[in-house]
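What follows is the content of work-v9.txt (compact mmCIF, C-alpha atoms and all ligand atoms).
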# COMPACT_ATOMS: atom_id res chain seq x y z
CA MET X 1 0.00 0.00 0.00
CA SER X 2 1.41 3.40 -0.99
CA THR X 3 0.00 6.82 -0.19
CA THR X 4 1.01 10.14 -1.71
CA ALA X 5 -0.20 13.15 0.23
CA THR X 6 0.51 16.72 1.25
CA TYR X 7 0.40 17.92 4.83
CA VAL X 8 -0.58 21.56 5.14
CA TYR X 9 0.71 23.26 8.26
CA THR X 10 -1.47 26.32 8.50
CA LYS X 11 0.36 28.12 11.30
CA GLN X 12 3.42 30.26 10.67
CA PHE X 13 6.56 28.20 10.25
CA LYS X 14 9.45 29.99 11.91
CA LEU X 15 12.86 29.41 10.37
CA GLU X 16 16.16 29.23 12.22
CA ASN X 17 17.05 32.74 10.94
CA GLY X 18 13.87 34.18 12.45
CA LYS X 19 12.05 34.60 9.13
CA LYS X 20 8.61 33.06 8.77
CA LEU X 21 6.68 31.16 6.13
CA ARG X 22 3.01 31.93 6.54
CA LYS X 23 2.04 28.49 5.33
CA LEU X 24 4.00 25.29 4.86
CA GLU X 25 3.10 22.37 2.64
CA ILE X 26 5.00 19.10 2.93
CA ALA X 27 4.62 16.47 0.20
CA TYR X 28 5.23 12.94 1.41
CA GLN X 29 4.80 9.31 0.55
CA THR X 30 4.19 6.33 2.79
CA TYR X 31 4.43 2.66 1.96
CA GLY X 32 3.06 -0.19 4.07
CA LYS X 33 1.18 0.17 7.35
CA LEU X 34 2.01 1.22 10.87
CA ASN X 35 1.80 -1.99 12.95
CA ALA X 36 -0.13 -2.34 16.20
CA LYS X 37 3.01 -1.84 18.30
CA LYS X 38 3.90 1.24 16.22
CA ASP X 39 7.48 0.00 16.03
CA ASN X 40 8.04 -0.52 12.31
CA VAL X 41 8.66 3.05 11.08
CA ILE X 42 11.49 3.57 8.59
CA TRP X 43 11.96 7.28 7.90
CA VAL X 44 14.06 8.26 4.89
CA CYS X 45 15.65 11.67 4.43
CA HIS X 46 16.41 12.30 0.77
CA ALA X 47 19.41 13.98 -0.87
CA LEU X 48 19.72 17.12 -2.98
CA THR X 49 17.51 16.45 -6.02
CA ALA X 50 15.47 13.40 -5.05
CA ASN X 51 11.89 13.35 -3.84
CA ALA X 52 9.45 11.49 -1.59
CA ASP X 53 9.24 8.44 -3.87
CA VAL X 54 12.00 6.43 -2.21
CA LEU X 55 10.88 3.17 -3.84
CA ASP X 56 11.77 4.84 -7.13
CA TRP X 57 15.14 6.43 -6.39
CA TRP X 58 16.53 3.96 -3.82
CA LYS X 59 15.26 0.73 -5.33
CA GLY X 60 17.36 -2.27 -4.42
CA LEU X 61 17.34 -1.08 -0.80
CA PHE X 62 13.68 -0.02 -0.74
CA GLY X 63 11.16 -2.18 -2.59
CA ASN X 64 8.72 -5.04 -2.31
CA ASN X 65 11.51 -7.62 -2.22
CA ASP X 66 14.16 -5.45 -0.56
CA LEU X 67 15.51 -5.01 2.97
CA PHE X 68 13.12 -2.13 3.57
CA ASN X 69 9.84 -3.44 2.20
CA PRO X 70 6.27 -2.22 2.69
CA GLU X 71 5.13 -5.70 3.75
CA GLU X 72 7.14 -5.48 6.97
CA HIS X 73 7.73 -1.76 7.44
CA PHE X 74 5.92 1.54 7.45
CA ILE X 75 8.21 3.57 5.21
CA ILE X 76 7.92 7.36 5.12
CA CYS X 77 9.79 9.81 2.93
CA ALA X 78 8.95 13.50 2.67
CA ASN X 79 10.10 16.03 0.12
CA VAL X 80 12.41 18.56 1.77
CA LEU X 81 11.67 22.23 2.36
CA GLY X 82 12.71 24.19 -0.74
CA SER X 83 12.55 21.27 -3.17
CA ASN X 84 10.21 21.34 -6.10
CA TYR X 85 8.52 17.97 -5.66
CA GLY X 86 5.50 19.29 -3.79
CA THR X 87 6.88 20.89 -0.62
CA THR X 88 6.89 24.68 -0.21
CA ASN X 89 9.71 26.04 -2.38
CA PRO X 90 10.79 29.22 -4.21
CA LEU X 91 8.26 28.58 -6.98
CA SER X 92 5.37 28.31 -4.51
CA VAL X 93 2.99 31.24 -4.24
CA ASN X 94 3.82 33.59 -1.38
CA PRO X 95 0.46 34.06 0.41
CA VAL X 96 1.47 37.62 1.28
CA THR X 97 2.04 38.82 -2.30
CA GLY X 98 -0.01 36.29 -4.27
CA GLN X 99 3.08 35.79 -6.47
CA PRO X 100 5.73 33.04 -6.52
CA TYR X 101 8.61 33.76 -4.15
CA TYR X 102 11.56 33.08 -6.48
CA LEU X 103 14.50 34.99 -4.95
CA ALA X 104 12.32 36.41 -2.18
CA PHE X 105 12.17 32.94 -0.65
CA PRO X 106 13.85 33.02 2.76
CA GLU X 107 17.10 31.12 3.22
CA PHE X 108 16.71 28.03 5.36
CA THR X 109 18.92 25.42 6.97
CA ILE X 110 19.12 21.66 7.43
CA ARG X 111 17.60 22.24 10.88
CA ASP X 112 14.58 23.90 9.26
CA MET X 113 14.12 20.88 6.98
CA VAL X 114 14.18 18.64 10.05
CA ALA X 115 11.77 20.88 11.97
CA ALA X 116 9.33 20.62 9.05
CA HIS X 117 9.59 16.85 8.96
CA ARG X 118 9.12 16.58 12.69
CA LEU X 119 5.84 18.48 12.28
CA LEU X 120 4.82 15.90 9.70
CA ALA X 121 5.84 13.04 12.00
CA SER X 122 3.71 14.53 14.75
CA HIS X 123 0.79 14.96 12.32
CA LEU X 124 1.10 11.28 11.34
CA GLY X 125 1.12 10.22 15.00
CA ILE X 126 4.68 8.88 14.75
CA GLN X 127 6.43 8.86 18.11
CA ASP X 128 9.15 6.30 17.58
CA ILE X 129 11.29 5.72 14.53
CA LYS X 130 12.83 2.29 14.18
CA VAL X 131 15.29 3.37 11.49
CA LEU X 132 16.14 6.89 10.40
CA ILE X 133 18.28 6.79 7.28
CA GLY X 134 19.75 9.27 4.84
CA GLY X 135 22.68 9.78 2.50
CA SER X 136 24.53 13.00 1.67
CA LEU X 137 22.16 15.94 2.36
CA GLY X 138 19.73 13.28 3.61
CA GLY X 139 22.35 12.11 6.10
CA GLN X 140 22.84 15.69 7.28
CA GLN X 141 19.12 15.88 8.07
CA ALA X 142 19.06 12.47 9.77
CA LEU X 143 21.98 13.48 11.97
CA GLU X 144 20.41 16.81 12.96
CA TRP X 145 17.17 15.00 13.73
CA ALA X 146 18.96 12.45 15.94
CA ILE X 147 20.65 15.29 17.86
CA THR X 148 17.55 17.48 18.22
CA ASP X 149 15.20 14.69 19.21
CA ASN X 150 17.42 12.01 20.64
CA LYS X 151 14.80 9.91 22.41
CA SER X 152 12.60 8.67 19.60
CA ILE X 153 15.10 7.19 17.15
CA GLU X 154 16.18 3.59 17.68
CA ASN X 155 18.61 3.14 14.77
CA LEU X 156 20.35 5.84 12.80
CA ILE X 157 22.01 5.09 9.44
CA LEU X 158 24.22 7.85 8.08
CA VAL X 159 25.58 7.30 4.57
CA ALA X 160 28.24 9.41 2.84
CA THR X 161 27.59 12.41 5.04
CA ASN X 162 29.24 14.72 7.59
CA ALA X 163 28.90 16.68 10.82
CA VAL X 164 29.69 20.02 9.23
CA HIS X 165 29.78 20.87 5.54
CA SER X 166 33.40 21.22 4.51
CA PRO X 167 35.11 24.25 2.90
CA TRP X 168 35.61 21.96 -0.12
CA GLY X 169 31.89 21.12 -0.30
CA ILE X 170 30.92 24.79 0.12
CA ALA X 171 33.37 25.72 -2.65
CA PHE X 172 31.71 23.21 -4.99
CA ASN X 173 28.28 24.61 -4.13
CA GLU X 174 29.42 28.21 -4.58
CA SER X 175 30.91 27.33 -7.99
CA GLN X 176 27.55 25.90 -8.97
CA ARG X 177 25.74 29.01 -7.78
CA LEU X 178 28.23 31.14 -9.72
CA ALA X 179 27.29 29.15 -12.82
CA ILE X 180 23.59 29.74 -12.16
CA GLY X 181 24.25 33.44 -11.52
CA THR X 182 25.91 33.90 -14.93
CA ASP X 183 22.58 33.02 -16.52
CA ARG X 184 20.79 36.36 -16.64
CA THR X 185 17.39 34.68 -16.93
CA PHE X 186 17.82 33.58 -13.29
CA TYR X 187 17.12 37.17 -12.23
CA ALA X 188 14.03 37.39 -14.46
CA GLN X 189 12.32 35.25 -11.80
CA GLN X 190 10.26 32.99 -14.02
CA PRO X 191 9.74 29.21 -13.63
CA ASP X 192 12.37 28.35 -16.25
CA GLY X 193 14.77 31.12 -15.11
CA GLY X 194 18.41 30.13 -14.82
CA LEU X 195 18.10 26.76 -16.54
CA LYS X 196 21.27 27.20 -18.61
CA GLY X 197 23.07 27.99 -15.38
CA LEU X 198 21.50 24.99 -13.71
CA LYS X 199 22.75 22.78 -16.52
CA ALA X 200 26.30 24.02 -15.92
CA ALA X 201 25.82 23.61 -12.15
CA ARG X 202 24.83 19.96 -12.53
CA SER X 203 27.84 19.39 -14.77
CA ILE X 204 30.14 20.80 -12.07
CA ALA X 205 28.36 18.84 -9.35
CA LEU X 206 28.79 15.56 -11.21
CA LEU X 207 32.56 15.97 -10.97
CA SER X 208 32.19 15.82 -7.21
CA TYR X 209 29.72 12.91 -7.29
CA ARG X 210 31.77 10.61 -9.52
CA THR X 211 35.42 9.66 -10.06
CA TYR X 212 38.21 9.51 -12.60
CA GLU X 213 37.68 5.73 -12.71
CA ALA X 214 33.94 6.02 -13.39
CA TYR X 215 34.50 8.39 -16.31
CA SER X 216 37.28 6.15 -17.66
CA ALA X 217 34.98 3.13 -17.42
CA THR X 218 31.96 4.70 -19.08
CA GLN X 219 33.15 7.59 -21.25
CA LEU X 220 36.40 6.38 -22.81
CA GLU X 221 36.56 6.84 -26.59
CA SER X 222 36.70 3.67 -28.65
CA VAL X 223 38.69 5.39 -31.43
CA ASN X 224 41.96 7.30 -31.21
CA ASP X 225 41.57 9.80 -34.07
CA LYS X 226 39.08 12.19 -32.47
CA THR X 227 39.88 15.84 -31.79
CA GLY X 228 36.43 16.85 -30.57
CA SER X 229 32.85 15.68 -29.90
CA PHE X 230 34.04 13.59 -27.00
CA ARG X 231 31.72 11.23 -25.17
CA ALA X 232 32.54 12.74 -21.78
CA ALA X 233 31.51 16.16 -23.08
CA SER X 234 28.24 14.82 -24.42
CA TYR X 235 27.64 13.08 -21.08
CA GLN X 236 28.06 16.34 -19.12
CA ASN X 237 25.59 18.09 -21.44
CA TYR X 238 23.13 15.24 -21.22
CA GLN X 239 23.23 15.08 -17.43
CA GLY X 240 22.81 18.86 -17.14
CA GLU X 241 19.80 18.80 -19.46
CA LYS X 242 18.34 15.80 -17.67
CA LEU X 243 18.27 17.70 -14.38
CA CYS X 244 16.76 20.79 -16.02
CA LYS X 245 13.79 18.67 -17.16
CA ARG X 246 12.88 17.82 -13.57
CA PHE X 247 14.21 20.63 -11.36
CA ASN X 248 14.44 24.42 -11.20
CA ALA X 249 17.38 26.73 -10.61
CA TYR X 250 15.79 28.49 -7.62
CA SER X 251 15.23 25.33 -5.57
CA TYR X 252 18.72 24.19 -6.45
CA TRP X 253 20.20 27.52 -5.36
CA TYR X 254 18.46 27.50 -1.97
CA LEU X 255 19.04 23.80 -1.29
CA SER X 256 22.75 24.16 -1.94
CA LYS X 257 22.84 27.04 0.55
CA ALA X 258 21.05 24.87 3.12
CA MET X 259 23.74 22.25 2.59
CA ASP X 260 26.43 24.88 3.19
CA SER X 261 24.72 25.78 6.48
CA HIS X 262 25.08 22.28 7.87
CA ASN X 263 27.02 22.40 11.12
CA VAL X 264 25.77 20.40 14.07
CA GLY X 265 27.86 22.58 16.38
CA ARG X 266 26.15 25.86 15.43
CA ASN X 267 24.81 27.59 18.55
CA ARG X 268 25.64 24.49 20.55
CA LYS X 269 28.63 23.85 22.79
CA SER X 270 30.70 22.26 20.01
CA ILE X 271 30.46 19.81 17.12
CA VAL X 272 31.86 17.01 19.28
CA ASP X 273 29.43 17.79 22.09
CA ALA X 274 26.49 17.85 19.66
CA LEU X 275 27.47 14.42 18.32
CA SER X 276 27.70 13.08 21.86
CA LEU X 277 23.97 13.79 22.26
CA VAL X 278 23.00 11.08 19.76
CA LYS X 279 21.39 8.17 21.59
CA ALA X 280 20.37 6.00 18.63
CA ASN X 281 22.30 2.87 17.66
CA THR X 282 24.28 4.39 14.86
CA LEU X 283 25.84 2.97 11.73
CA VAL X 284 28.00 5.32 9.68
CA ILE X 285 28.82 4.26 6.12
CA GLY X 286 31.45 5.95 3.99
CA ILE X 287 32.54 5.45 0.41
CA GLU X 288 36.28 5.02 -0.05
CA ASN X 289 36.68 7.21 -3.12
CA ASP X 290 34.00 9.78 -2.30
CA VAL X 291 35.72 13.09 -3.09
CA LEU X 292 32.83 15.23 -1.84
CA PHE X 293 32.24 13.62 1.55
CA PRO X 294 35.58 11.84 2.09
CA LEU X 295 36.00 8.97 4.52
CA CYS X 296 37.69 11.16 7.15
CA GLU X 297 34.28 12.82 7.67
CA GLN X 298 32.51 9.53 8.43
CA ASP X 299 35.44 8.47 10.59
CA PHE X 300 34.93 11.66 12.62
CA LEU X 301 31.21 10.94 12.98
CA ALA X 302 31.81 7.37 14.11
CA LYS X 303 34.48 8.42 16.61
CA ASN X 304 32.24 11.01 18.22
CA ILE X 305 28.76 9.45 18.13
CA PRO X 306 28.56 7.20 21.20
CA GLY X 307 28.89 3.52 20.26
CA ALA X 308 28.65 4.17 16.52
CA ALA X 309 29.85 1.54 14.05
CA LEU X 310 31.75 2.53 10.91
CA GLN X 311 31.77 0.68 7.60
CA SER X 312 33.42 1.75 4.41
CA ILE X 313 32.52 0.52 0.98
CA SER X 314 34.25 0.72 -2.33
CA SER X 315 32.36 2.07 -5.32
CA ALA X 316 33.67 3.17 -8.69
CA TYR X 317 30.89 5.76 -8.65
CA GLY X 318 32.34 7.69 -5.70
CA HIS X 319 29.80 9.75 -3.76
CA ASP X 320 26.85 8.71 -5.97
CA GLY X 321 27.68 5.14 -4.93
CA PHE X 322 25.32 5.67 -1.99
CA LEU X 323 22.42 5.63 -4.46
CA ILE X 324 23.80 2.88 -6.67
CA GLU X 325 25.53 0.25 -4.47
CA THR X 326 22.29 -1.06 -2.99
CA ASP X 327 23.42 -4.70 -2.71
CA ILE X 328 26.38 -3.74 -0.53
CA LEU X 329 24.24 -1.35 1.52
CA THR X 330 21.60 -4.05 2.02
CA ASN X 331 24.24 -6.41 3.32
CA ILE X 332 25.86 -3.94 5.72
CA ILE X 333 22.63 -2.37 7.01
CA GLY X 334 20.86 -5.76 7.28
CA THR X 335 23.66 -7.14 9.43
CA PHE X 336 23.75 -4.00 11.59
CA LEU X 337 20.01 -4.10 12.22
CA LYS X 338 20.11 -7.79 13.15
CA GLU X 339 22.90 -7.10 15.64
CA SER X 340 21.03 -4.11 16.98
CA ALA X 341 17.86 -6.22 17.47
CA ASN X 342 19.89 -8.91 19.28
CA LYS X 343 21.44 -6.31 21.59
CA LYS X 344 17.94 -5.01 22.37
CA ILE X 345 16.76 -8.52 23.31
CA ILE X 346 19.79 -9.06 25.57
CA LYS X 347 19.19 -5.68 27.22
CA LEU X 348 15.51 -6.49 27.81
CA HIS X 349 16.47 -9.84 29.37
CA LYS X 350 18.97 -8.13 31.64
CA THR X 351 16.46 -5.57 32.87
CA ALA X 352 13.61 -8.12 33.24
C1 LIG X 401 10.72 12.26 -11.15
C2 LIG X 401 12.14 11.87 -11.33
O1 LIG X 401 12.79 12.18 -12.27
S1 LIG X 401 12.82 10.92 -10.15
C3 LIG X 401 14.54 11.20 -10.10
C4 LIG X 401 14.78 11.43 -8.70
N1 LIG X 401 16.09 11.91 -8.44
C5 LIG X 401 16.97 11.15 -7.91
O2 LIG X 401 16.75 10.00 -7.70
C6 LIG X 401 18.25 11.80 -7.51
C7 LIG X 401 19.25 10.84 -7.24
N2 LIG X 401 19.65 10.11 -8.44
C8 LIG X 401 20.79 10.38 -9.10
O3 LIG X 401 21.49 11.30 -8.74
C9 LIG X 401 21.11 9.53 -10.29
O4 LIG X 401 19.92 9.11 -10.88
C10 LIG X 401 21.99 8.30 -9.99
C11 LIG X 401 23.26 8.74 -9.31
C12 LIG X 401 21.27 7.34 -9.07
C13 LIG X 401 22.29 7.58 -11.29
O5 LIG X 401 22.70 8.48 -12.28
P1 LIG X 401 22.27 8.30 -13.80
O6 LIG X 401 22.41 9.60 -14.46
O7 LIG X 401 20.92 7.68 -13.89
O8 LIG X 401 23.28 7.23 -14.34
P2 LIG X 401 24.55 7.43 -15.24
O9 LIG X 401 25.47 8.44 -14.69
O10 LIG X 401 25.08 6.06 -15.44
O11 LIG X 401 24.01 8.04 -16.60
C14 LIG X 401 23.22 7.29 -17.45
C15 LIG X 401 22.51 8.21 -18.40
O12 LIG X 401 23.48 8.98 -19.13
C16 LIG X 401 23.34 8.70 -20.54
N3 LIG X 401 24.66 8.74 -21.09
C17 LIG X 401 25.73 7.97 -20.77
N4 LIG X 401 26.79 8.33 -21.52
C18 LIG X 401 26.41 9.37 -22.29
C19 LIG X 401 27.08 10.17 -23.25
N5 LIG X 401 28.33 9.99 -23.54
N6 LIG X 401 26.35 11.14 -23.85
C20 LIG X 401 25.04 11.34 -23.57
N7 LIG X 401 24.37 10.60 -22.66
C21 LIG X 401 25.05 9.62 -22.04
C22 LIG X 401 22.74 7.30 -20.59
O13 LIG X 401 22.10 7.07 -21.83
C23 LIG X 401 21.74 7.37 -19.43
O14 LIG X 401 20.61 8.11 -19.86
P3 LIG X 401 19.18 7.95 -19.11
O15 LIG X 401 19.39 8.42 -17.72
O16 LIG X 401 18.27 8.83 -19.88
O17 LIG X 401 18.83 6.49 -19.19
N1 LIG X 402 23.08 12.65 -6.98
C1 LIG X 402 22.45 13.19 -5.83
C2 LIG X 402 23.30 14.25 -5.16
C3 LIG X 402 24.41 13.70 -4.38
O1 LIG X 402 24.08 13.58 -3.04
C4 LIG X 402 21.19 13.92 -6.15
O2 LIG X 402 21.05 14.36 -7.27
O3 LIG X 402 20.36 14.06 -5.26

When written as structure tokens, how does the structure in this file appear?
Ligand SMILES: CC(=O)SCCNC(=O)CCNC(=O)[C@H](O)C(C)(C)COP(=O)(O)OP(=O)(O)OC[C@H]1O[C@@H](n2cnc3c(N)ncnc32)[C@H](O)[C@@H]1OP(=O)(O)O
Ligand SMILES: N[C@@H](CCO)C(=O)O
Amino acid sequence: MSTTATYVYTKQFKLENGKKLRKLEIAYQTYGKLNAKKDNVIWVCHALTANADVLDWWKGLFGNNDLFNPEEHFIICANVLGSNYGTTNPLSVNPVTGQPYYLAFPEFTIRDMVAAHRLLASHLGIQDIKVLIGGSLGGQQALEWAITDNKSIENLILVATNAVHSPWGIAFNESQRLAIGTDRTFYAQQPDGGLKGLKAARSIALLSYRTYEAYSATQLESVNDKTGSFRAASYQNYQGEKLCKRFNAYSYWYLSKAMDSHNVGRNRKSIVDALSLVKANTLVIGIENDVLFPLCEQDFLAKNIPGAALQSISSAYGHDGFLIETDILTNIIGTFLKESANKKIIKLHKTA
């Protein structure tokens, strides 16, 4: 059973920076049913350009015959604040002006995304989450959630993510925003504004999501006499255009800024102290040749989240491996959850 719905929060939604959205809509999908004990919730936080349909973009890990299946679990995934798959975003109509926000949309943070999703969880009557999982920007949300609300999450799975967005990651995002900003149509504030810039931004981003090896494996020329029209060039164009068909430059701009804002230590004692607040059984997964979220970042998470386990995987795809290497993820996460369930049984026996 799958449900697609939108939750409308009619009160003002106050952002971390003090600005307010008069109305907030959150598009979400659920799969399966909440069981009688209410202990089968799997909540997925999605990455930069995905959406609430996790059975579509994370198939192999989520699906009828996969580790996270609707037969056994109640799976929930909500579209993040600012994204254009149904949740309030820069192309939404500002109730104050009656016009789309575009660049008048307020900046927001990962914490704001989490606050929105916690409102949805409360609306759905979800008190306990068996597994909270996310990769990349999704992992940043999952981590913030587990720090902010550290009593209701049993297992936390953080994939290819970090505690604070790095100078390197911010530099990539800024380069992408520079590309968008060179497209003058971005400032015309129309639904297709900035699409040429967005195409260039996606092309830049791909260089951080993939690897030298991946390009050599998939884009190598089969002939030696070429001086132009290279496959790799065509691939960059294709990928840029592909994103433009399903996204908009304004959402991309704001979401990348939210990613830059990620810092679990902000207005808290310190990053290390914030990580020490996590109470969930935590599994951190890193990808060995991820150039955007390198292994040292997951190592740091695992060292500072109490009791966290660390696993690294190898993927020719680099960072995007978190979306592609679903067999390996199934194996690692499946084993972790079995161990976690066994520990819970032992603990219950001890306290009985
Ligand atoms: C409503 C929706 O659209 S749902 C989409 C939701 N969004 C997401 O899931 C975001 C997360 N997903 C992703 O980032 C990506 O989809 C990934 C990482 C999982 C996989 O990336 P992909 O782009 O699908 O794979 P890959 O890099 O191998 O590229 C394959 C595509 O490039 C094309 N391609 C490959 N080489 C070339 C080339 N030299 N020139 C032109 N095109 C090329 C292929 O034909 C293929 O096209 P297709 O996507 O139309 O089938
Ligand atoms: N490929 C991912 C971004 C990397 O986290 C996406 O488009 O959402």

Item to check | Near-ligand residues for ligand LIG 401 (chain X), threshold 10 Å, only C-alpha atoms and all ligand atoms, as a PyMOL selection string | outcome: chain X and resi 46-59+85+206+209-210+214-215+218-221+229-243+245-247+317-325

Based on the selection just made, write C-alpha atoms of those residues as a CSV table (one decimal), in the coordinates of the input.
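Here's the written file selection_24.csv:
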chain,number,residue,atom,x,y,z
X,46,HIS,CA,16.4,12.3,0.8
X,47,ALA,CA,19.4,14.0,-0.9
X,48,LEU,CA,19.7,17.1,-3.0
X,49,THR,CA,17.5,16.4,-6.0
X,50,ALA,CA,15.5,13.4,-5.0
X,51,ASN,CA,11.9,13.4,-3.8
X,52,ALA,CA,9.4,11.5,-1.6
X,53,ASP,CA,9.2,8.4,-3.9
X,54,VAL,CA,12.0,6.4,-2.2
X,55,LEU,CA,10.9,3.2,-3.8
X,56,ASP,CA,11.8,4.8,-7.1
X,57,TRP,CA,15.1,6.4,-6.4
X,58,TRP,CA,16.5,4.0,-3.8
X,59,LYS,CA,15.3,0.7,-5.3
X,85,TYR,CA,8.5,18.0,-5.7
X,206,LEU,CA,28.8,15.6,-11.2
X,209,TYR,CA,29.7,12.9,-7.3
X,210,ARG,CA,31.8,10.6,-9.5
X,214,ALA,CA,33.9,6.0,-13.4
X,215,TYR,CA,34.5,8.4,-16.3
X,218,THR,CA,32.0,4.7,-19.1
X,219,GLN,CA,33.2,7.6,-21.2
X,220,LEU,CA,36.4,6.4,-22.8
X,221,GLU,CA,36.6,6.8,-26.6
X,229,SER,CA,32.8,15.7,-29.9
X,230,PHE,CA,34.0,13.6,-27.0
X,231,ARG,CA,31.7,11.2,-25.2
X,232,ALA,CA,32.5,12.7,-21.8
X,233,ALA,CA,31.5,16.2,-23.1
X,234,SER,CA,28.2,14.8,-24.4
X,235,TYR,CA,27.6,13.1,-21.1
X,236,GLN,CA,28.1,16.3,-19.1
X,237,ASN,CA,25.6,18.1,-21.4
X,238,TYR,CA,23.1,15.2,-21.2
X,239,GLN,CA,23.2,15.1,-17.4
X,240,GLY,CA,22.8,18.9,-17.1
X,241,GLU,CA,19.8,18.8,-19.5
X,242,LYS,CA,18.3,15.8,-17.7
X,243,LEU,CA,18.3,17.7,-14.4
X,245,LYS,CA,13.8,18.7,-17.2
X,246,ARG,CA,12.9,17.8,-13.6
X,247,PHE,CA,14.2,20.6,-11.4
X,317,TYR,CA,30.9,5.8,-8.6
X,318,GLY,CA,32.3,7.7,-5.7
X,319,HIS,CA,29.8,9.8,-3.8
X,320,ASP,CA,26.8,8.7,-6.0
X,321,GLY,CA,27.7,5.1,-4.9
X,322,PHE,CA,25.3,5.7,-2.0
X,323,LEU,CA,22.4,5.6,-4.5
X,324,ILE,CA,23.8,2.9,-6.7
X,325,GLU,CA,25.5,0.2,-4.5

Checklist entry - CA of Ala274 in chain X and CA of Gly134 in chain X, how far apart in Å? => result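 Atom-to-atom, CA of Gly134 in chain X and CA of Ala274 in chain X are spaced 18.4 Å apart.
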
Item to check | Between CA of Asn331 in chain X and CA of Asp290 in chain X, distance in Å (one decimal) | outcome: 19.7 Å

Next on the checklist: At a cut-off of 12 Å, using all atoms listed in the file, what residues contact Leu292 in chain X? Leave out same-chain residues fewer than 6 positions from it and give the result as a list in words.
Outcome noted: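 Selected residues are Ser136, Leu137, Ala160, Thr161, Asn162, His165, Ser166, Pro167, Trp168, Gly169, Ile170, Ala171, Phe172, Asn173, Ile204, Ala205, Leu206, Leu207, Ser208, Tyr209, Arg210, Thr211, Gly286, Gln298, Tyr317, Gly318, His319, Asp320 and Gly321 of chain X.
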
Item to check | Computed interatomic separation between CA of Ser340 in chain X and CA of Gly135 in chain X (Å) | outcome: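 Here the two named atoms are 20.1 Å from each other.
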
Incomplete range 122-133 of chain X filled out to N, CA, C and O atoms as a PDB file, in the coordinates of the input:
ATOM      1  N   SER X 122       4.695  14.317  13.698  1.00  0.00           N
ATOM      2  CA  SER X 122       3.710  14.530  14.750  1.00  0.00           C
ATOM      3  C   SER X 122       2.294  14.426  14.162  1.00  0.00           C
ATOM      4  O   SER X 122       1.411  13.777  14.746  1.00  0.00           O
ATOM      5  N   HIS X 123       2.089  15.019  12.994  1.00  0.00           N
ATOM      6  CA  HIS X 123       0.790  14.960  12.320  1.00  0.00           C
ATOM      7  C   HIS X 123       0.388  13.507  12.029  1.00  0.00           C
ATOM      8  O   HIS X 123      -0.785  13.135  12.145  1.00  0.00           O
ATOM      9  N   LEU X 124       1.380  12.681  11.679  1.00  0.00           N
ATOM     10  CA  LEU X 124       1.100  11.280  11.340  1.00  0.00           C
ATOM     11  C   LEU X 124       1.009  10.390  12.588  1.00  0.00           C
ATOM     12  O   LEU X 124       0.772   9.198  12.497  1.00  0.00           O
ATOM     13  N   GLY X 125       1.208  10.988  13.749  1.00  0.00           N
ATOM     14  CA  GLY X 125       1.120  10.220  15.000  1.00  0.00           C
ATOM     15  C   GLY X 125       2.333   9.328  15.231  1.00  0.00           C
ATOM     16  O   GLY X 125       2.261   8.336  15.950  1.00  0.00           O
ATOM     17  N   ILE X 126       3.467   9.687  14.605  1.00  0.00           N
ATOM     18  CA  ILE X 126       4.680   8.880  14.750  1.00  0.00           C
ATOM     19  C   ILE X 126       5.454   9.374  15.973  1.00  0.00           C
ATOM     20  O   ILE X 126       5.871  10.534  16.020  1.00  0.00           O
ATOM     21  N   GLN X 127       5.644   8.464  16.932  1.00  0.00           N
ATOM     22  CA  GLN X 127       6.430   8.860  18.110  1.00  0.00           C
ATOM     23  C   GLN X 127       7.820   8.238  18.088  1.00  0.00           C
ATOM     24  O   GLN X 127       8.796   8.847  18.495  1.00  0.00           O
ATOM     25  N   ASP X 128       7.863   7.005  17.603  1.00  0.00           N
ATOM     26  CA  ASP X 128       9.150   6.300  17.580  1.00  0.00           C
ATOM     27  C   ASP X 128       9.516   5.901  16.162  1.00  0.00           C
ATOM     28  O   ASP X 128       8.669   5.434  15.400  1.00  0.00           O
ATOM     29  N   ILE X 129      10.786   6.084  15.860  1.00  0.00           N
ATOM     30  CA  ILE X 129      11.290   5.720  14.530  1.00  0.00           C
ATOM     31  C   ILE X 129      12.257   4.559  14.715  1.00  0.00           C
ATOM     32  O   ILE X 129      13.222   4.664  15.475  1.00  0.00           O
ATOM     33  N   LYS X 130      11.961   3.463  14.019  1.00  0.00           N
ATOM     34  CA  LYS X 130      12.830   2.290  14.180  1.00  0.00           C
ATOM     35  C   LYS X 130      14.165   2.544  13.461  1.00  0.00           C
ATOM     36  O   LYS X 130      15.228   2.265  13.994  1.00  0.00           O
ATOM     37  N   VAL X 131      14.066   3.064  12.237  1.00  0.00           N
ATOM     38  CA  VAL X 131      15.290   3.370  11.490  1.00  0.00           C
ATOM     39  C   VAL X 131      15.132   4.732  10.824  1.00  0.00           C
ATOM     40  O   VAL X 131      14.175   4.972  10.090  1.00  0.00           O
ATOM     41  N   LEU X 132      16.076   5.606  11.098  1.00  0.00           N
ATOM     42  CA  LEU X 132      16.140   6.890  10.400  1.00  0.00           C
ATOM     43  C   LEU X 132      17.368   6.825   9.511  1.00  0.00           C
ATOM     44  O   LEU X 132      18.477   6.571   9.991  1.00  0.00           O
ATOM     45  N   ILE X 133      17.174   7.003   8.218  1.00  0.00           N
ATOM     46  CA  ILE X 133      18.280   6.790   7.280  1.00  0.00           C
ATOM     47  C   ILE X 133      18.351   7.919   6.251  1.00  0.00           C
ATOM     48  O   ILE X 133      17.328   8.443   5.816  1.00  0.00           O
TER      49      ILE X 133
END
